[in-house]
Every structure is written in C-alpha cells, then in structure tokens.
>>> print(open('input34.csv').read())   # CSV, C-alpha atoms
chain,number,residue,atom,x,y,z
A,1,MET,CA,0.0,0.0,0.0
A,2,ALA,CA,1.3,3.5,-0.9
A,3,ASN,CA,2.3,5.7,2.0
A,4,PRO,CA,-0.7,7.9,2.8
A,5,LEU,CA,1.6,10.7,3.9
A,6,GLU,CA,3.6,10.7,0.7
A,7,GLN,CA,1.3,13.2,-0.9
A,8,PHE,CA,2.5,15.9,1.5
A,9,THR,CA,6.2,15.7,0.6
A,10,ILE,CA,7.7,18.9,-0.7
A,11,LYS,CA,9.6,18.4,-4.0
A,12,THR,CA,11.9,21.0,-5.5
A,13,LEU,CA,10.9,21.7,-9.1
A,14,ILE,CA,13.2,24.6,-10.1
A,15,PRO,CA,16.2,25.1,-7.7
A,16,ILE,CA,16.8,28.8,-7.1
A,17,PRO,CA,19.6,29.2,-4.5
A,18,LEU,CA,19.7,32.8,-3.2
A,19,GLY,CA,22.9,32.8,-1.2
A,20,GLU,CA,22.1,31.1,2.1
A,21,VAL,CA,18.3,31.1,1.4
A,22,ASP,CA,16.8,28.3,-0.5
A,23,ALA,CA,14.2,30.1,-2.7
A,24,SER,CA,13.5,27.2,-5.0
A,25,LEU,CA,10.1,26.8,-6.6
A,26,THR,CA,8.6,23.7,-5.0
A,27,ASN,CA,5.4,21.9,-5.8
A,28,SER,CA,3.8,23.8,-2.9
A,29,GLY,CA,4.9,27.1,-4.4
A,30,LEU,CA,3.8,26.0,-7.8
A,31,PHE,CA,0.3,25.4,-6.6
A,32,MET,CA,0.2,28.7,-4.8
A,33,VAL,CA,1.0,30.4,-8.1
A,34,LEU,CA,-1.7,28.3,-9.8
A,35,THR,CA,-4.2,29.3,-7.1
A,36,VAL,CA,-3.5,33.0,-7.5
A,37,ALA,CA,-3.7,32.6,-11.3
A,38,ALA,CA,-7.0,30.7,-11.0
A,39,ILE,CA,-8.5,33.4,-8.7
A,40,SER,CA,-7.4,36.2,-11.0
A,41,LEU,CA,-8.8,34.3,-14.0
A,42,PHE,CA,-12.1,33.5,-12.2
A,43,LEU,CA,-12.6,37.1,-11.2
A,44,THR,CA,-11.4,38.9,-14.3
A,45,ILE,CA,-13.1,36.6,-16.8
A,46,GLY,CA,-16.2,36.4,-14.7
A,47,MET,CA,-16.6,40.2,-14.6
A,48,ARG,CA,-15.4,40.9,-18.1
A,49,GLN,CA,-18.8,41.4,-19.6
A,50,ARG,CA,-20.2,43.5,-16.7
A,51,LEU,CA,-23.8,42.6,-17.5
A,52,LEU,CA,-26.7,44.1,-15.6
A,53,VAL,CA,-28.2,40.6,-15.5
A,54,PRO,CA,-25.2,38.5,-14.7
A,55,GLY,CA,-24.4,35.2,-16.4
A,56,ARG,CA,-23.1,32.1,-14.5
A,57,TRP,CA,-19.5,33.2,-14.0
A,58,GLN,CA,-20.4,36.8,-13.2
A,59,SER,CA,-22.9,35.5,-10.6
A,60,LEU,CA,-20.2,33.4,-9.0
A,61,ALA,CA,-17.8,36.3,-8.8
A,62,GLU,CA,-20.5,38.6,-7.4
A,63,ILE,CA,-21.6,36.0,-4.9
A,64,SER,CA,-18.1,35.6,-3.6
A,65,TYR,CA,-17.8,39.4,-3.3
A,66,GLU,CA,-21.1,39.7,-1.5
A,67,PHE,CA,-20.4,36.8,0.8
A,68,ILE,CA,-17.3,38.5,2.2
A,69,ALA,CA,-18.8,41.9,2.2
A,70,CYS,CA,-21.8,40.7,4.2
A,71,MET,CA,-19.4,38.8,6.6
A,72,ILE,CA,-17.4,42.0,7.3
A,73,ARG,CA,-20.6,44.1,7.6
A,74,ASP,CA,-22.1,41.6,10.1
A,75,ASN,CA,-19.0,40.9,12.2
A,76,VAL,CA,-17.0,44.2,12.0
A,77,GLY,CA,-19.4,46.9,10.9
A,78,SER,CA,-18.9,49.7,8.5
A,79,GLU,CA,-15.4,50.5,9.9
A,80,GLY,CA,-14.2,47.1,8.6
A,81,ARG,CA,-14.9,48.1,5.0
A,82,LYS,CA,-11.3,49.2,4.4
A,83,TYR,CA,-10.0,45.8,5.3
A,84,PHE,CA,-12.2,44.1,2.7
A,85,PRO,CA,-9.4,43.6,0.1
A,86,PHE,CA,-7.3,41.8,2.7
A,87,VAL,CA,-10.1,39.6,4.0
A,88,PHE,CA,-11.3,38.8,0.5
A,89,SER,CA,-7.9,37.8,-0.7
A,90,LEU,CA,-7.4,35.6,2.3
A,91,PHE,CA,-10.7,33.9,1.8
A,92,MET,CA,-10.2,33.3,-1.9
A,93,PHE,CA,-6.6,32.1,-1.4
A,94,ILE,CA,-7.6,29.5,1.2
A,95,LEU,CA,-10.8,28.4,-0.6
A,96,PHE,CA,-9.1,28.0,-4.0
A,97,GLY,CA,-6.1,26.3,-2.3
A,98,ASN,CA,-8.4,23.8,-0.6
A,99,LEU,CA,-10.5,23.2,-3.7
A,100,ILE,CA,-7.6,22.8,-6.1
A,101,GLY,CA,-6.0,20.4,-3.6
A,102,LEU,CA,-9.0,18.1,-4.1
A,103,ILE,CA,-8.1,17.5,-7.7
A,104,PRO,CA,-6.3,14.2,-8.0
A,105,TYR,CA,-2.5,14.5,-8.2
A,106,ALA,CA,-2.7,18.1,-7.0
A,107,PHE,CA,-0.8,19.4,-4.0
A,108,THR,CA,-2.7,20.9,-1.1
A,109,PHE,CA,-0.5,23.7,0.3
A,110,THR,CA,-3.0,24.5,3.1
A,111,SER,CA,-2.1,21.1,4.6
A,112,HIS,CA,1.3,22.5,5.7
A,113,ILE,CA,1.5,24.3,9.0
A,114,ALA,CA,4.3,26.5,7.6
A,115,VAL,CA,1.8,28.0,5.2
A,116,THR,CA,-1.2,28.3,7.5
A,117,PHE,CA,0.9,29.6,10.4
A,118,ALA,CA,2.4,32.3,8.1
A,119,MET,CA,-1.1,33.4,7.2
A,120,ALA,CA,-2.3,33.3,10.8
A,121,VAL,CA,0.8,35.3,12.0
A,122,VAL,CA,0.1,38.0,9.4
A,123,VAL,CA,-3.5,38.2,10.6
A,124,PHE,CA,-2.4,38.2,14.3
A,125,LEU,CA,0.3,40.9,13.8
A,126,GLY,CA,-1.9,43.0,11.6
A,127,VAL,CA,-4.8,42.9,14.1
A,128,THR,CA,-2.5,43.7,17.0
A,129,ILE,CA,-0.9,46.6,15.1
A,130,ILE,CA,-4.3,48.0,14.1
A,131,ALA,CA,-5.5,47.8,17.8
A,132,ILE,CA,-2.4,49.6,19.1
A,133,ALA,CA,-2.5,52.2,16.4
A,134,ARG,CA,-6.2,52.9,17.1
A,135,HIS,CA,-6.2,52.7,20.9
A,136,GLY,CA,-2.6,53.3,21.9
A,137,LEU,CA,-1.8,52.0,25.4
A,138,HIS,CA,-5.5,51.5,26.1
A,139,PHE,CA,-5.0,48.3,24.1
A,140,PHE,CA,-3.3,46.6,27.1
A,141,SER,CA,-6.6,46.9,29.1
A,142,PHE,CA,-7.6,44.1,26.8
A,143,PHE,CA,-5.8,41.7,29.1
A,144,LEU,CA,-7.8,42.7,32.2
A,145,PRO,CA,-11.5,42.5,31.5
A,146,THR,CA,-13.7,45.0,33.2
A,147,GLY,CA,-15.3,44.1,36.5
A,148,VAL,CA,-12.5,41.7,37.6
A,149,PRO,CA,-11.4,42.0,41.3
A,150,LYS,CA,-7.9,43.3,41.7
A,151,VAL,CA,-6.9,40.2,43.7
A,152,MET,CA,-7.5,38.0,40.7
A,153,ALA,CA,-5.4,40.1,38.4
A,154,PRO,CA,-2.1,38.3,38.9
A,155,VAL,CA,-3.7,35.0,37.7
A,156,LEU,CA,-6.1,36.4,35.1
A,157,VAL,CA,-3.7,38.6,33.2
A,158,PRO,CA,-1.2,35.8,32.3
A,159,ILE,CA,-4.2,33.6,31.3
A,160,GLU,CA,-5.6,36.4,29.1
A,161,ILE,CA,-2.2,37.0,27.5
A,162,LEU,CA,-1.8,33.2,26.8
A,163,SER,CA,-5.3,33.2,25.5
A,164,TYR,CA,-4.5,36.1,23.2
A,165,LEU,CA,-1.2,34.4,22.1
A,166,SER,CA,-3.0,31.2,21.3
A,167,ARG,CA,-5.0,32.8,18.5
A,168,PRO,CA,-2.6,32.4,15.7
A,169,ILE,CA,-1.8,28.8,16.9
A,170,SER,CA,-5.4,27.7,17.0
A,171,LEU,CA,-6.1,29.5,13.7
A,172,SER,CA,-3.3,27.7,11.9
A,173,ILE,CA,-3.7,24.3,13.5
A,174,ARG,CA,-7.4,24.2,12.7
A,175,LEU,CA,-6.9,24.7,9.0
A,176,PHE,CA,-3.8,22.6,8.5
A,177,ALA,CA,-5.1,19.7,10.7
A,178,ASN,CA,-8.4,19.5,8.9
A,179,MET,CA,-6.8,19.5,5.4
A,180,MET,CA,-4.1,17.0,6.4
A,181,ALA,CA,-6.4,14.7,8.2
A,182,GLY,CA,-9.0,14.6,5.4
A,183,HIS,CA,-6.5,13.9,2.7
A,184,THR,CA,-4.7,11.2,4.8
A,185,MET,CA,-8.0,9.5,5.5
A,186,MET,CA,-9.0,9.5,1.9
A,187,LYS,CA,-5.7,8.0,0.9
A,188,VAL,CA,-5.9,5.4,3.6
A,189,PHE,CA,-9.3,4.2,2.5
A,190,ALA,CA,-8.3,4.4,-1.1
A,191,GLY,CA,-5.4,2.1,-0.3
A,192,PHE,CA,-7.8,-0.6,0.8
A,193,ILE,CA,-9.9,-0.7,-2.4
A,194,ILE,CA,-7.6,-2.7,-4.7
A,195,PRO,CA,-6.2,-5.1,-2.1
A,196,LEU,CA,-9.7,-6.1,-0.9
A,197,GLY,CA,-10.6,-7.1,-4.4
A,198,ILE,CA,-14.0,-7.1,-6.2
A,199,LEU,CA,-15.9,-8.5,-3.2
A,200,GLY,CA,-14.6,-6.4,-0.4
A,201,GLY,CA,-13.4,-3.4,-2.2
A,202,TRP,CA,-16.8,-1.8,-2.4
A,203,ALA,CA,-16.9,-0.9,1.3
A,204,PRO,CA,-13.8,1.4,1.3
A,205,LEU,CA,-14.9,2.7,-2.1
A,206,THR,CA,-18.2,3.8,-0.7
A,207,VAL,CA,-16.5,5.4,2.3
A,208,ASP,CA,-14.1,7.3,-0.1
A,209,VAL,CA,-17.0,8.6,-2.2
A,210,ALA,CA,-18.7,9.9,1.0
A,211,LEU,CA,-15.4,11.3,2.2
A,212,THR,CA,-14.9,13.2,-1.1
A,213,ALA,CA,-18.2,15.0,-0.6
A,214,PHE,CA,-17.3,15.7,3.0
A,215,GLU,CA,-13.9,17.1,1.9
A,216,PHE,CA,-15.7,19.6,-0.3
A,217,LEU,CA,-17.6,20.7,2.8
A,218,VAL,CA,-14.5,20.9,4.9
A,219,ALA,CA,-12.6,22.8,2.1
A,220,PHE,CA,-15.3,25.5,2.1
A,221,LEU,CA,-15.9,25.5,5.9
A,222,GLN,CA,-12.3,25.9,6.9
A,223,ALA,CA,-11.8,28.8,4.5
A,224,TYR,CA,-15.0,30.3,6.0
A,225,VAL,CA,-13.9,29.7,9.6
A,226,PHE,CA,-10.5,31.2,9.0
A,227,THR,CA,-12.0,34.3,7.5
A,228,VAL,CA,-14.8,34.7,10.1
A,229,LEU,CA,-12.3,34.5,12.9
A,230,THR,CA,-10.1,37.1,11.2
A,231,CYS,CA,-13.2,39.3,11.1
A,232,LEU,CA,-13.9,38.7,14.8
A,233,TYR,CA,-10.3,39.5,15.7
A,234,LEU,CA,-10.5,42.6,13.6
A,235,ASN,CA,-13.8,43.6,15.3
A,236,ASP,CA,-12.0,43.3,18.7
A,237,ALA,CA,-9.2,45.4,17.5
A,238,ILE,CA,-11.5,48.2,16.2
A,239,HIS,CA,-14.1,48.2,18.9
A,240,LEU,CA,-12.0,47.7,22.1
A,241,HIS,CA,-14.5,47.1,24.9
B,242,MET,CA,-39.7,27.3,-9.6
B,243,PHE,CA,-42.2,25.2,-7.8
B,244,GLN,CA,-43.7,21.8,-8.4
B,245,LEU,CA,-47.2,21.4,-9.8
B,246,ASP,CA,-48.9,19.4,-7.2
B,247,GLY,CA,-52.4,17.9,-7.2
B,248,ASN,CA,-54.2,21.1,-6.3
B,249,VAL,CA,-52.9,23.1,-9.2
B,250,GLU,CA,-53.5,20.3,-11.7
B,251,LYS,CA,-57.0,20.0,-10.4
B,252,ALA,CA,-57.5,23.7,-10.8
B,253,LEU,CA,-56.3,23.7,-14.3
B,254,MET,CA,-58.5,20.8,-15.2
B,255,THR,CA,-61.7,22.3,-13.7
B,256,MET,CA,-61.0,25.6,-15.3
B,257,SER,CA,-63.7,25.4,-18.0
B,258,ASP,CA,-66.4,24.4,-15.5
B,259,ASN,CA,-66.8,27.6,-13.4
B,260,SER,CA,-66.8,31.2,-14.3
B,261,PRO,CA,-63.3,32.5,-15.2
B,262,GLN,CA,-63.0,35.0,-12.4
B,263,GLU,CA,-64.0,32.6,-9.7
B,264,ASN,CA,-61.6,30.1,-11.2
B,265,LEU,CA,-58.7,32.5,-11.2
B,266,LYS,CA,-59.3,33.4,-7.5
B,267,ASP,CA,-59.4,29.8,-6.6
B,268,LEU,CA,-56.2,29.2,-8.6
B,269,ASP,CA,-54.5,32.1,-6.9
B,270,LYS,CA,-55.4,30.8,-3.5
B,271,ARG,CA,-54.1,27.3,-4.3
B,272,LEU,CA,-50.9,28.7,-5.8
B,273,ASN,CA,-50.3,30.8,-2.7
B,274,GLN,CA,-50.8,27.7,-0.6
B,275,ALA,CA,-48.4,25.7,-2.7
B,276,ARG,CA,-45.8,28.5,-2.5
B,277,GLU,CA,-46.1,28.8,1.2
B,278,LYS,CA,-45.7,25.0,1.6
B,279,SER,CA,-42.6,24.9,-0.6
B,280,SER,CA,-41.0,27.9,1.0
B,281,ALA,CA,-41.6,26.4,4.4
B,282,ASN,CA,-40.0,23.1,3.3
B,283,LYS,CA,-37.0,24.9,1.9
B,284,GLN,CA,-36.5,26.9,5.1
B,285,SER,CA,-36.5,23.8,7.3
B,286,ILE,CA,-34.1,22.0,5.0
B,287,SER,CA,-31.6,24.8,4.9
B,288,SER,CA,-31.8,25.3,8.6
B,289,ILE,CA,-31.0,21.6,9.2
B,290,GLY,CA,-27.9,21.8,7.0
B,291,LYS,CA,-26.8,25.0,8.8
B,292,GLU,CA,-27.3,23.4,12.2
B,293,GLN,CA,-25.1,20.4,11.3
B,294,THR,CA,-22.4,22.5,9.7
B,295,TYR,CA,-22.5,24.8,12.7
B,296,GLY,CA,-22.1,21.8,15.0
B,297,TYR,CA,-19.2,20.4,13.1
B,298,SER,CA,-17.3,23.6,12.8
B,299,MET,CA,-18.0,24.2,16.5
B,300,ALA,CA,-16.6,20.8,17.5
B,301,VAL,CA,-13.4,21.4,15.5
B,302,ARG,CA,-13.0,24.9,16.8
B,303,ILE,CA,-13.4,23.9,20.5
B,304,GLY,CA,-10.8,21.1,20.1
B,305,THR,CA,-8.2,23.3,18.6
B,306,GLU,CA,-8.8,26.2,21.0
B,307,MET,CA,-7.9,23.9,23.9
B,308,VAL,CA,-4.8,22.4,22.3
B,309,ALA,CA,-3.5,25.7,21.0
B,310,ALA,CA,-3.5,27.4,24.4
B,311,LEU,CA,-1.8,24.4,25.9
B,312,ILE,CA,0.9,24.4,23.2
B,313,VAL,CA,1.5,28.1,23.8
B,314,GLY,CA,1.7,27.7,27.6
B,315,VAL,CA,4.0,24.7,27.5
B,316,GLY,CA,6.1,26.3,24.8
B,317,ILE,CA,6.6,29.5,26.8
B,318,GLY,CA,7.3,27.5,30.0
B,319,TYR,CA,9.8,25.2,28.3
B,320,SER,CA,11.8,28.0,26.7
B,321,LEU,CA,11.8,30.0,29.9
B,322,ASP,CA,13.2,26.9,31.7
B,323,ASN,CA,15.8,26.4,29.1
B,324,TRP,CA,16.8,30.1,29.3
B,325,LEU,CA,16.9,30.5,33.1
B,326,GLU,CA,17.9,26.8,33.8
B,327,THR,CA,15.1,26.2,36.3
B,328,LYS,CA,14.1,23.0,34.7
B,329,PRO,CA,10.6,22.0,35.9
B,330,LEU,CA,9.4,25.3,37.5
B,331,PHE,CA,8.1,27.4,34.6
B,332,LEU,CA,7.0,24.4,32.7
B,333,VAL,CA,4.6,23.4,35.5
B,334,ILE,CA,3.4,27.0,36.0
B,335,PHE,CA,2.8,27.7,32.4
B,336,PHE,CA,1.2,24.3,31.8
B,337,PHE,CA,-1.5,25.2,34.3
B,338,LEU,CA,-1.8,28.8,32.9
B,339,GLY,CA,-2.1,27.3,29.4
B,340,ALA,CA,-4.8,24.9,30.5
B,341,GLY,CA,-6.6,27.8,32.1
B,342,ALA,CA,-6.4,29.8,29.0
B,343,GLY,CA,-7.6,26.9,26.9
B,344,THR,CA,-10.6,26.3,29.1
B,345,LEU,CA,-11.4,30.0,28.9
B,346,ASN,CA,-11.2,29.9,25.1
B,347,VAL,CA,-13.5,26.9,25.0
B,348,TYR,CA,-15.9,28.6,27.4
B,349,ARG,CA,-16.0,31.7,25.3
B,350,ALA,CA,-16.4,29.7,22.1
B,351,ALA,CA,-19.1,27.5,23.5
B,352,ARG,CA,-21.1,30.4,25.1
B,353,GLY,CA,-20.9,32.3,21.9
B,354,LEU,CA,-19.1,35.2,23.6
B,355,GLY,CA,-16.8,35.5,20.5
B,356,VAL,CA,-13.2,36.2,21.1
B,357,ALA,CA,-13.3,39.3,23.2
B,358,PRO,CA,-12.0,39.2,26.7
B,359,ARG,CA,-15.2,39.0,28.8
B,360,TYR,CA,-16.8,36.4,31.0
B,361,THR,CA,-20.5,37.4,30.7
B,362,GLU,CA,-22.7,39.0,28.1
B,363,PRO,CA,-22.0,42.7,27.5
B,364,THR,CA,-25.5,43.4,28.9
B,365,GLY,CA,-24.7,41.4,32.0
B,366,GLY,CA,-27.3,38.8,31.1
B,367,VAL,CA,-26.7,35.1,30.7
B,368,VAL,CA,-26.8,33.6,27.2
B,369,SER,CA,-29.6,31.2,26.8
B,370,LEU,CA,-28.3,28.1,25.1
B,371,VAL,CA,-31.6,27.1,23.6
B,372,LYS,CA,-32.1,30.5,22.0
B,373,ARG,CA,-28.6,30.5,20.6
B,374,LYS,CA,-29.1,27.1,19.1
B,375,GLU,CA,-32.0,28.3,17.1
B,376,ALA,CA,-30.2,31.2,15.4
B,377,PRO,CA,-26.5,30.9,16.1
B,378,ASP,CA,-25.2,33.2,13.3
B,379,ARG,CA,-27.6,36.1,13.8
B,380,ASP,CA,-27.2,36.0,17.5
B,381,ALA,CA,-23.4,36.0,17.4
B,382,SER,CA,-23.3,38.9,14.9
B,383,GLU,CA,-25.8,40.9,17.0
B,384,LYS,CA,-23.7,40.5,20.0
B,385,LYS,CA,-20.6,41.7,18.1
B,386,ARG,CA,-22.3,44.9,17.1
B,387,LYS,CA,-23.1,46.0,20.6
>>> encode(input="input34.csv", output="structure tokens")
Amino acid sequence: MANPLEQFTIKTLIPIPLGEVDASLTNSGLFMVLTVAAISLFLTIGMRQRLLVPGRWQSLAEISYEFIACMIRDNVGSEGRKYFPFVFSLFMFILFGNLIGLIPYAFTFTSHIAVTFAMAVVVFLGVTIIAIARHGLHFFSFFLPTGVPKVMAPVLVPIEILSYLSRPISLSIRLFANMMAGHTMMKVFAGFIIPLGILGGWAPLTVDVALTAFEFLVAFLQAYVFTVLTCLYLNDAIHLH
Amino acid sequence: MFQLDGNVEKALMTMSDNSPQENLKDLDKRLNQAREKSSANKQSISSIGKEQTYGYSMAVRIGTEMVAALIVGVGIGYSLDNWLETKPLFLVIFFFLGAGAGTLNVYRAARGLGVAPRYTEPTGGVVSLVKRKEAPDRDASEKKRK
C-alpha cells in the first residue's frame, strides 16, 4: 500500500539558490502560483462582460464578493470596510487552495502548517498593530476584562495573555489539521480498495465517495472559519471594549 | 420554480367548468398555498444543514482552542526553563496557565461570547443556550455589534 503521507512531501521543481536562502520553486509554491492565477482568471473573466443581469460566471464572482462583504458588515461593521481587500484575498486564497488540492495529483498547500501559520501570523500581527494604532496604550486593558477583582489580576492577566497568544496557533492548527487529516483519511481508505478485491473493495470505495463529498464541505468550511475568525479579531481590535 | 402538485393540476382541469373570475381566484389561493408550503419546506431543509455545519465547525473549533492554548503555555514554560535553567518550575506554572487559557477559550467559544476578553454577556445577562441554538449566526453577529 502506498504511504498515505507521501502526498505531503515537498519536492523542488526549479532550484533557485539565493545565497544562504533556498528560494526554490517547490510543488507547494507552484500550486500557490496556480491558485492565484485561478482566482485572477475567475474574477477577471467572470466580470469581463459586466452585464446588468449576470451570467453564470459573473454570478459566482458577485456571490463571492457579497459573501465576504456581508461577513465583514455583520461581524466588524462599516469600519471594517477598508480591510475588505485583505479579507477577500485571504478567503479566496484559502478556498481555492483547498479546492484545487482536491483535484487528484494536485498538491494541497494548506495542509502544511508552515503556510497556515504564516497566514495566521500575518492576521495576528496585523490585528495587533491595528489595535495599538487605534487605541494606543489602552490596548493593554484588553488583558484585564472590566469588573475583575484586583486580587484575581495576577492570575487572570497571564491567562488572558496566553489566550491572546494562542489565537494564531489555533487558527493555523485548525486549517492545517483539517486538510491534512482529510487527505490522509481519503488516501488510507483508497489504499484498501484494490487489495480487498472485487468482493470487499466496495466498502472502502463507498467510504471514499462519501469522504470526497465531505472534503468539499471541509474545504469551504475551513476557509470560512479562518475568515470569520479574522473578522472577529478585527472587530475586537477596532471596537476595544 | 415550484412543483405542480395535485391542487394546481385539479385547478387547471376544472378551469372550464366555473366562471373564469372565480376560477382565477381559486387558482390564486391554491398557488399561494403551494408556494407557502414549498418555502416552508425549503427553510427547514436549509436550517437543518446549517445546524449540522455549525455543530461540526464548533466541534473542530473547540478542540483546537484547547490544544492551541496548551501548546503556547507549554512552549513558553519550556523555553523560559531552558533560558533560566530552572528545569521544571516554569513548565509546570505555564502548563496550568495554558490549561486555564484553553478552558477560557473553550468557554467563550461555547457560550458564543466571541473572542473578546469578557466572562459574561455585554449586557450582563446570561446567554440562553436554547435560544442561541435556534439562530446561532444572527445572535453572534448581534452581540458583536453591541
């Protein structure tokens, strides 16, 4: 049986040594480029005709725009509008990365914690900087919720700080673990189909069909959860207490 | 888009029997009934899917919140120990702090308090779990706006 974790290996396609730094184009990098290209094509070709009554592709492009616009309006409010480009890019990048990864023989770059953690750290640092820029030192009152007795502060402040620091970790682990677990599970079940033969092979095949549908749900859901949490963090940063 | 059900078919077939106006009124009534029925069906189906999706995403979220805070706590404790050479002291302290932070994260996620540092509702009231279950998204976004 093939190794179910083999699909996650990083392979160098075009070696580009930049001094000490290894800037080679890997299969992960290639699929990131493909994802960005697919998003650009999807949005530009979809919106090319600019019809009043949209066609299929234009509808899809408009739905994705409205989906994120509504998410920001509901979770952040009108002040969140200027962060729309960032949130929209983030959502489309994760969503297309997840969906392209479902194509057989494709590489899912969101199944690597290096990628998801980098995105989570950008969100975390960005949100913290926005909060400090908007509220100055008042930002640090974030770590002592109102109405807490002073006696409890020595215990609660470290806990609140840890809780704050755990945000990028939980954000990145959730996405990477979901994608990796799903793809591994599919591969494990797929590995049973041929060895069990015509009689027994149907059972893992059925599971795999169901898992494929489930993976589409997870691909969308995880992109959604990542973006919605980004919006919630943004809301915290903008409306402090 | 709605399905022609028995009522509408019957209405179409009996059209020639009665006066046209009466017939139209009758048809209108039946059409409205059919529309109401189909829209009610659609609503319940979409809300079932939403509930299940919400439950799944919640389960995944709560699991990772707990683990992430523990990872941060143990990581900080371990590196402080390595730096100050006080082997088990900070690891133990930060393990418990991390566990506390993880529990707090889970509490906030489960109570629908969002991610802001607070322990109760902004209004001071207690979230009703039953109410939240019915309309999780709307409720959460309402809270955020306050």
>>> interface_residues(input="input34.csv", of="chain A", to="chain B", cutoff="7 Å", atoms="only C-alpha atoms", output="list in words")
Asp74, Asn75, Phe142, Pro145, Ile159, Glu160, Leu162, Ser163, Ser166, Ile169, Ser170, Ile173, Arg174, Leu232, Tyr233 and Asp236 of chain A
>>> atom_distance(input="input34.csv", atom1="atom CA of A:Leu125", atom2="atom CA of A:Leu144")
20.2 Å
>>> residues_around(input="input34.csv", residues="A:Val122", least_positions_apart="5", cutoff="12 Å", atoms="all atoms listed in the file", output="list in words")
Phe86, Val87, Leu90, Val115, Thr116, Phe117, Val127, Thr128, Ile129, Ile130, Arg167, Pro168, Leu171, Ser172 and Thr230 of chain A
>>> residues_around(input="input34.csv", residues="stretch 201-209 of chain A", least_positions_apart="4", cutoff="12 Å", atoms="all atoms listed in the file", output="PyMOL selection string")
chain A and resi 182-197+213-216
>>> atom_distance(input="input34.csv", atom1="atom CA of A:Ala23", atom2="atom CA of A:Phe124")
25.1 Å
